[in-house]
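Participant: To start, I am sharing the structure in question, which I have written as structure tokens.
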There are 2 protein chains.
Amino acid sequence: MAVYTEVSDDELADLVASYGLGALLSYKGIAEGVENTNYLLHTEKGPILLTLYEKRVIPEHLPFFLGLMEHLANAGIICPTPVRDSEGRMLRTLAGRPAALVTFLEGVWIRRPQPRHCAEVGKALAALHMAGRSFGLTRANDLGLAGWRPLFAHFEARADEIDPGLANTVRQELDFLEANWPSALEQGIIHADLFPDNVFFLGDRLSGLIDFYFACNDALAYDIAVTLNAWCFESDHSYNVTKGQALLKGYESVRPLPPQERAALPLLARGAALRFLLTRAYDWLHTASTALVNRKDPAEFLRRLKFHRGVRSANDYGLLEGA
Amino acid sequence: MAVYTEVSDDELADLVASYGLGALLSYKGIAEGVENTNYLLHTEKGPILLTLYEKRVIPEHLPFFLGLMEHLANAGIICPTPVRDSEGRMLRTLAGRPAALVTFLEGVWIRRPQPRHCAEVGKALAALHMAGRSFGLTRANDLGLAGWRPLFAHFEARADEIDPGLANTVRQELDFLEANWPSALEQGIIHADLFPDNVFFLGDRLSGLIDFYFACNDALAYDIAVTLNAWCFESDHSYNVTKGQALLKGYESVRPLPPQERAALPLLARGAALRFLLTRAYDWLHTASTALVNRKDPAEFLRRLKFHRGVRSANDYGLLEGA
């Protein structure tokens, strides 16, 4: 939620001119995304988004992210689509940062999702998984199973400051997940961060998916597990099985889950909860409480993790019996 | 440069609906203005700006500000124009804050003004002064002559932390200005803060004036003095007489300066420099250097003040001899 990099009007006008978008009418730094600087530009050809990639994005990964968005858009997924300049380039440099222009999506994200929204998200996620199959580039999931223990090592000694016993809980969970993680699930392109603020709606119609900067290759069903964690818990941390059922039914209307993915879902959901618990705990301990950045509470995902530990089968998430 | 207040989508959609603007397509918190929270809304009827007034704005002054913008727009000044809802109200409440929708102006502010920009600003300032004559409400200038000594009293003991000798310089200046301030100049509506970031251009054409939240009643020529301070000094703090001449010539093409305003200009310019020196010094001493807010350097206006002390007549600013 910040503008980290200021751009000059001359530099920006020159950039826009090289895209054939006509004159630059206005530009506003917008409070969107925690990683990058985003400007909403109005040009003679319409609104467009300028992203300047800040230091947390590895420049070498940008061709993957931008290529993926272009690929998905071509496959009919509504997402920010990189615009190519008159020389065909998607990636440029502005104010010393890697920079890209992407299409601006209208829509608002839903603060209080209802089952009908969950159903749309399930469908869109499955469509993304299907469209990703034909994408040629790959990127390892640096926040997947192999990354969790090293991440935890950075704050293990201080973990109990967040919640007494947290360090022990995480150690046990890592042991269990590493011993039992399924290896035979379909791998493919996953969004990996499909939280409500990354899904736009116009009324009840899903109008786009955004923020592909965690996208990578991993088990498709793991992405479902992330999305269940993100959409189907209430503010009192209880699981809403109606929402879960809607999301899974929506997903299966596009891509039915094979038996091994159904069986793995509870374990994948534990992994997904742990992943967000770990990154939030790390950020919590490394962000001053006085900073203007909103720290997200890691305890939300500790509660989710404990819920998933009690789940016996995918039916508990609302998954209907296999046809 | 911050979004201080988060709004909910439902609350916002309801608000927009009551203005007859069609559906809300998107809204983005924008990094504009240091005092209030601003959202750029895209509606079916086009872009529009939502301002939530934060604590530094006195709610009782809002009818003056909004009424002034509406009055000026009706008189042909291009400025953000309050939109009235279906019941005719300009001022509403959202997220517990006073809130208004105003027209969104395209344009960019000029980071490195040239004389042609100064000429346009001079014309626009004079047009604003003329249009303000028929506005019915008044608001005292709480950052005018009478306000400077009380403001200084808040940090007098620490002033020399900014620049050794600053406290003494300010005391002398206040004594001089209070003894010599002209009382017979035309009073009227002034913008009082017409810095480059408050003037939009599309190419070389001035496309609008913004941020009327310092507007008040005071000597019209004092507003010219503020604007000279804001536009006609170089980054090395030297006065650029070509820009000053362009600004004053532009102004006089719309409203010729009477002799008493010409004579008073050097003294008014000292006052204007002191006003920004005082508020910047206050903010400098009351903002932690680690805060994410950009502190503006007070020394810039100490240099301007010293320049104005050496000015003998308005001709030194580039004012042409009276016709």
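Order determines the names: the first chain of the structure tokens is A, the second B, and so forth; residues in each chain are numbered 1 upward, and ligands are numbered 1 upward as they are shown.
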Within 6 Å of chain B, which residues belong to chain A? Use only C-alpha atoms and report them as a list in words.

Facilitator: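 Written out as asked, the residues are Leu25, Ser26, Gly29, Ile30, Ala31, Glu106, Gly107 and Val108 of chain A.
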
Participant: Emit the selected residues as a PDB file, in the first residue's frame, including C-alpha atoms.

Facilitator:
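Below is the file that was written, part26.pdb:
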ATOM      1  CA  LEU A  25      -3.789  12.636 -19.510  1.00  0.00           C
ATOM      2  CA  SER A  26      -3.070  11.967 -15.837  1.00  0.00           C
ATOM      3  CA  GLY A  29       0.085   6.628  -7.548  1.00  0.00           C
ATOM      4  CA  ILE A  30      -2.343   4.097  -6.134  1.00  0.00           C
ATOM      5  CA  ALA A  31      -2.402   2.276  -2.831  1.00  0.00           C
ATOM      6  CA  GLU A 106     -12.453  -2.561 -13.632  1.00  0.00           C
ATOM      7  CA  GLY A 107     -13.964  -4.262 -10.608  1.00  0.00           C
ATOM      8  CA  VAL A 108     -13.869  -4.223  -6.835  1.00  0.00           C
TER       9      VAL A 108
END

Participant: Contacts of Pro98 (chain A) at 6 Å or less, counting only C-alpha atoms, minus same-chain residues fewer than 6 places along, as a PyMOL selection string?

Facilitator: chain A and resi 52-53+92

Participant: So which one's closest to Arg171 (chain A), A:Ala126, A:Leu274, A:Cys118, A:Leu66? Using only C-alpha atoms, please.

Facilitator: A:Leu274

Participant: Hey, what's within 8 Å of region 279-286 of chain B if we count only C-alpha atoms and toss same-chain stuff fewer than 3 positions away? As a count of residues only, please?

Facilitator: 13

Participant: Select, from A:Leu257, A:Leu62, A:Val226, A:Leu72, the residue with the minimum atom-to-atom distance to Leu185 (chain A), counting only C-alpha atoms.

Facilitator: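 Looking at the shortest contact to Leu185 (chain A), the residue is A:Leu257.
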
Participant: Using only C-alpha atoms, which residues sit within 10 Å of His71 (chain A) once same-chain residues fewer than 2 positions away are excluded, as a list of chain:residue names?

Facilitator: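 Using only C-alpha atoms, the neighbours found are A:Phe65, A:Leu66, A:Gly67, A:Leu68, A:Met69, A:Ala73, A:Asn74, A:Ala75, A:Gly76, A:Ile77, A:Thr81, A:Pro82, A:Ala131, A:Gly132, A:Ser134, A:Phe135, A:Gly136.
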
Participant: Excluding region 172-179 of chain A and residues on its chain fewer than 3 positions from it, collect all residues at most 10 Å away from it, counting only C-alpha atoms, and give them as a list in words.

Facilitator: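 Near region 172-179 of chain A, the qualifying residues are Leu145, Ala146, Trp148, Arg149, Phe152, Leu166, Ala167, Asn168, Thr169, Pro182, Leu267, Leu268, Arg270, Gly271, Leu274, Leu305 and Arg309 of chain A.
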
Participant: Write out, as a CSV table (one decimal), in the first residue's frame, the residues just selected, with N, CA and C atoms.

Facilitator:
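Final output, saved to part-v5.csv:
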chain,number,residue,atom,x,y,z
A,145,LEU,N,6.7,-26.4,-0.1
A,145,LEU,CA,7.2,-27.3,1.0
A,145,LEU,C,8.7,-27.2,1.3
A,146,ALA,N,9.5,-27.2,0.2
A,146,ALA,CA,11.0,-27.1,0.4
A,146,ALA,C,11.4,-25.8,1.1
A,148,TRP,N,9.7,-24.0,3.4
A,148,TRP,CA,9.1,-23.7,4.7
A,148,TRP,C,10.1,-23.8,5.8
A,149,ARG,N,10.9,-24.9,5.8
A,149,ARG,CA,11.8,-25.1,7.0
A,149,ARG,C,12.9,-24.0,7.0
A,152,PHE,N,11.3,-20.9,8.3
A,152,PHE,CA,11.0,-21.0,9.8
A,152,PHE,C,12.3,-20.7,10.6
A,166,LEU,N,4.2,-21.9,19.7
A,166,LEU,CA,4.1,-21.9,18.3
A,166,LEU,C,5.3,-22.6,17.6
A,167,ALA,N,6.5,-22.4,18.2
A,167,ALA,CA,7.7,-23.0,17.6
A,167,ALA,C,7.5,-24.5,17.6
A,168,ASN,N,7.0,-25.1,18.7
A,168,ASN,CA,6.9,-26.5,18.7
A,168,ASN,C,5.8,-27.0,17.7
A,169,THR,N,4.7,-26.3,17.6
A,169,THR,CA,3.6,-26.6,16.7
A,169,THR,C,4.2,-26.7,15.3
A,182,PRO,N,2.3,-35.4,-0.7
A,182,PRO,CA,2.0,-36.3,-1.8
A,182,PRO,C,2.9,-35.8,-3.0
A,267,LEU,N,-4.4,-32.6,3.7
A,267,LEU,CA,-3.0,-32.4,4.0
A,267,LEU,C,-2.5,-31.2,3.3
A,268,LEU,N,-3.0,-30.9,2.1
A,268,LEU,CA,-2.6,-29.7,1.3
A,268,LEU,C,-3.1,-28.5,2.0
A,270,ARG,N,-3.5,-28.1,5.2
A,270,ARG,CA,-2.6,-27.9,6.3
A,270,ARG,C,-1.3,-27.2,5.8
A,271,GLY,N,-0.8,-27.7,4.7
A,271,GLY,CA,0.4,-27.0,4.2
A,271,GLY,C,0.2,-25.6,3.8
A,274,LEU,N,0.0,-23.5,6.9
A,274,LEU,CA,1.3,-23.3,7.4
A,274,LEU,C,2.1,-22.3,6.6
A,305,LEU,N,-4.8,-23.8,10.6
A,305,LEU,CA,-4.0,-25.0,10.7
A,305,LEU,C,-4.6,-26.0,11.7
A,309,ARG,N,-6.1,-29.8,10.9
A,309,ARG,CA,-5.5,-31.0,11.5
A,309,ARG,C,-6.7,-32.0,12.0

Participant: Going by DSSP on the backbone, which bits of region 1-78 of chain B are strand (DSSP E or B)? Write them as a PyMOL selection string, please.

Facilitator: chain B and resi 24-30+37-43+46-52

Participant: Please save C-alpha atoms of the selected residues as a compact mmCIF listing (two decimals), in the first residue's frame.

Facilitator:
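Resulting contents of result_30.txt:
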# COMPACT_ATOMS: atom_id res chain seq x y z
CA LEU B 24 -19.25 1.72 -9.34
CA LEU B 25 -16.69 0.03 -11.62
CA SER B 26 -13.58 0.39 -9.49
CA TYR B 27 -11.96 2.52 -6.82
CA LYS B 28 -8.34 3.05 -5.93
CA GLY B 29 -6.89 4.91 -3.00
CA ILE B 30 -4.52 7.48 -4.50
CA THR B 37 -7.87 10.52 1.85
CA ASN B 38 -8.64 10.46 -1.86
CA TYR B 39 -10.07 7.66 -3.97
CA LEU B 40 -10.25 7.73 -7.74
CA LEU B 41 -13.54 6.11 -8.69
CA HIS B 42 -14.45 4.79 -12.11
CA THR B 43 -18.22 4.87 -12.52
CA GLY B 46 -16.83 8.33 -15.94
CA PRO B 47 -14.05 8.96 -13.44
CA ILE B 48 -14.72 10.92 -10.26
CA LEU B 49 -12.81 11.74 -7.11
CA LEU B 50 -13.96 10.87 -3.59
CA THR B 51 -12.41 12.87 -0.78
CA LEU B 52 -12.70 11.86 2.86

Participant: In Å, how far is it from CA of His117 (chain B) to CA of Phe233 (chain B)?

Facilitator: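 These atoms are spaced 13.5 Å apart.
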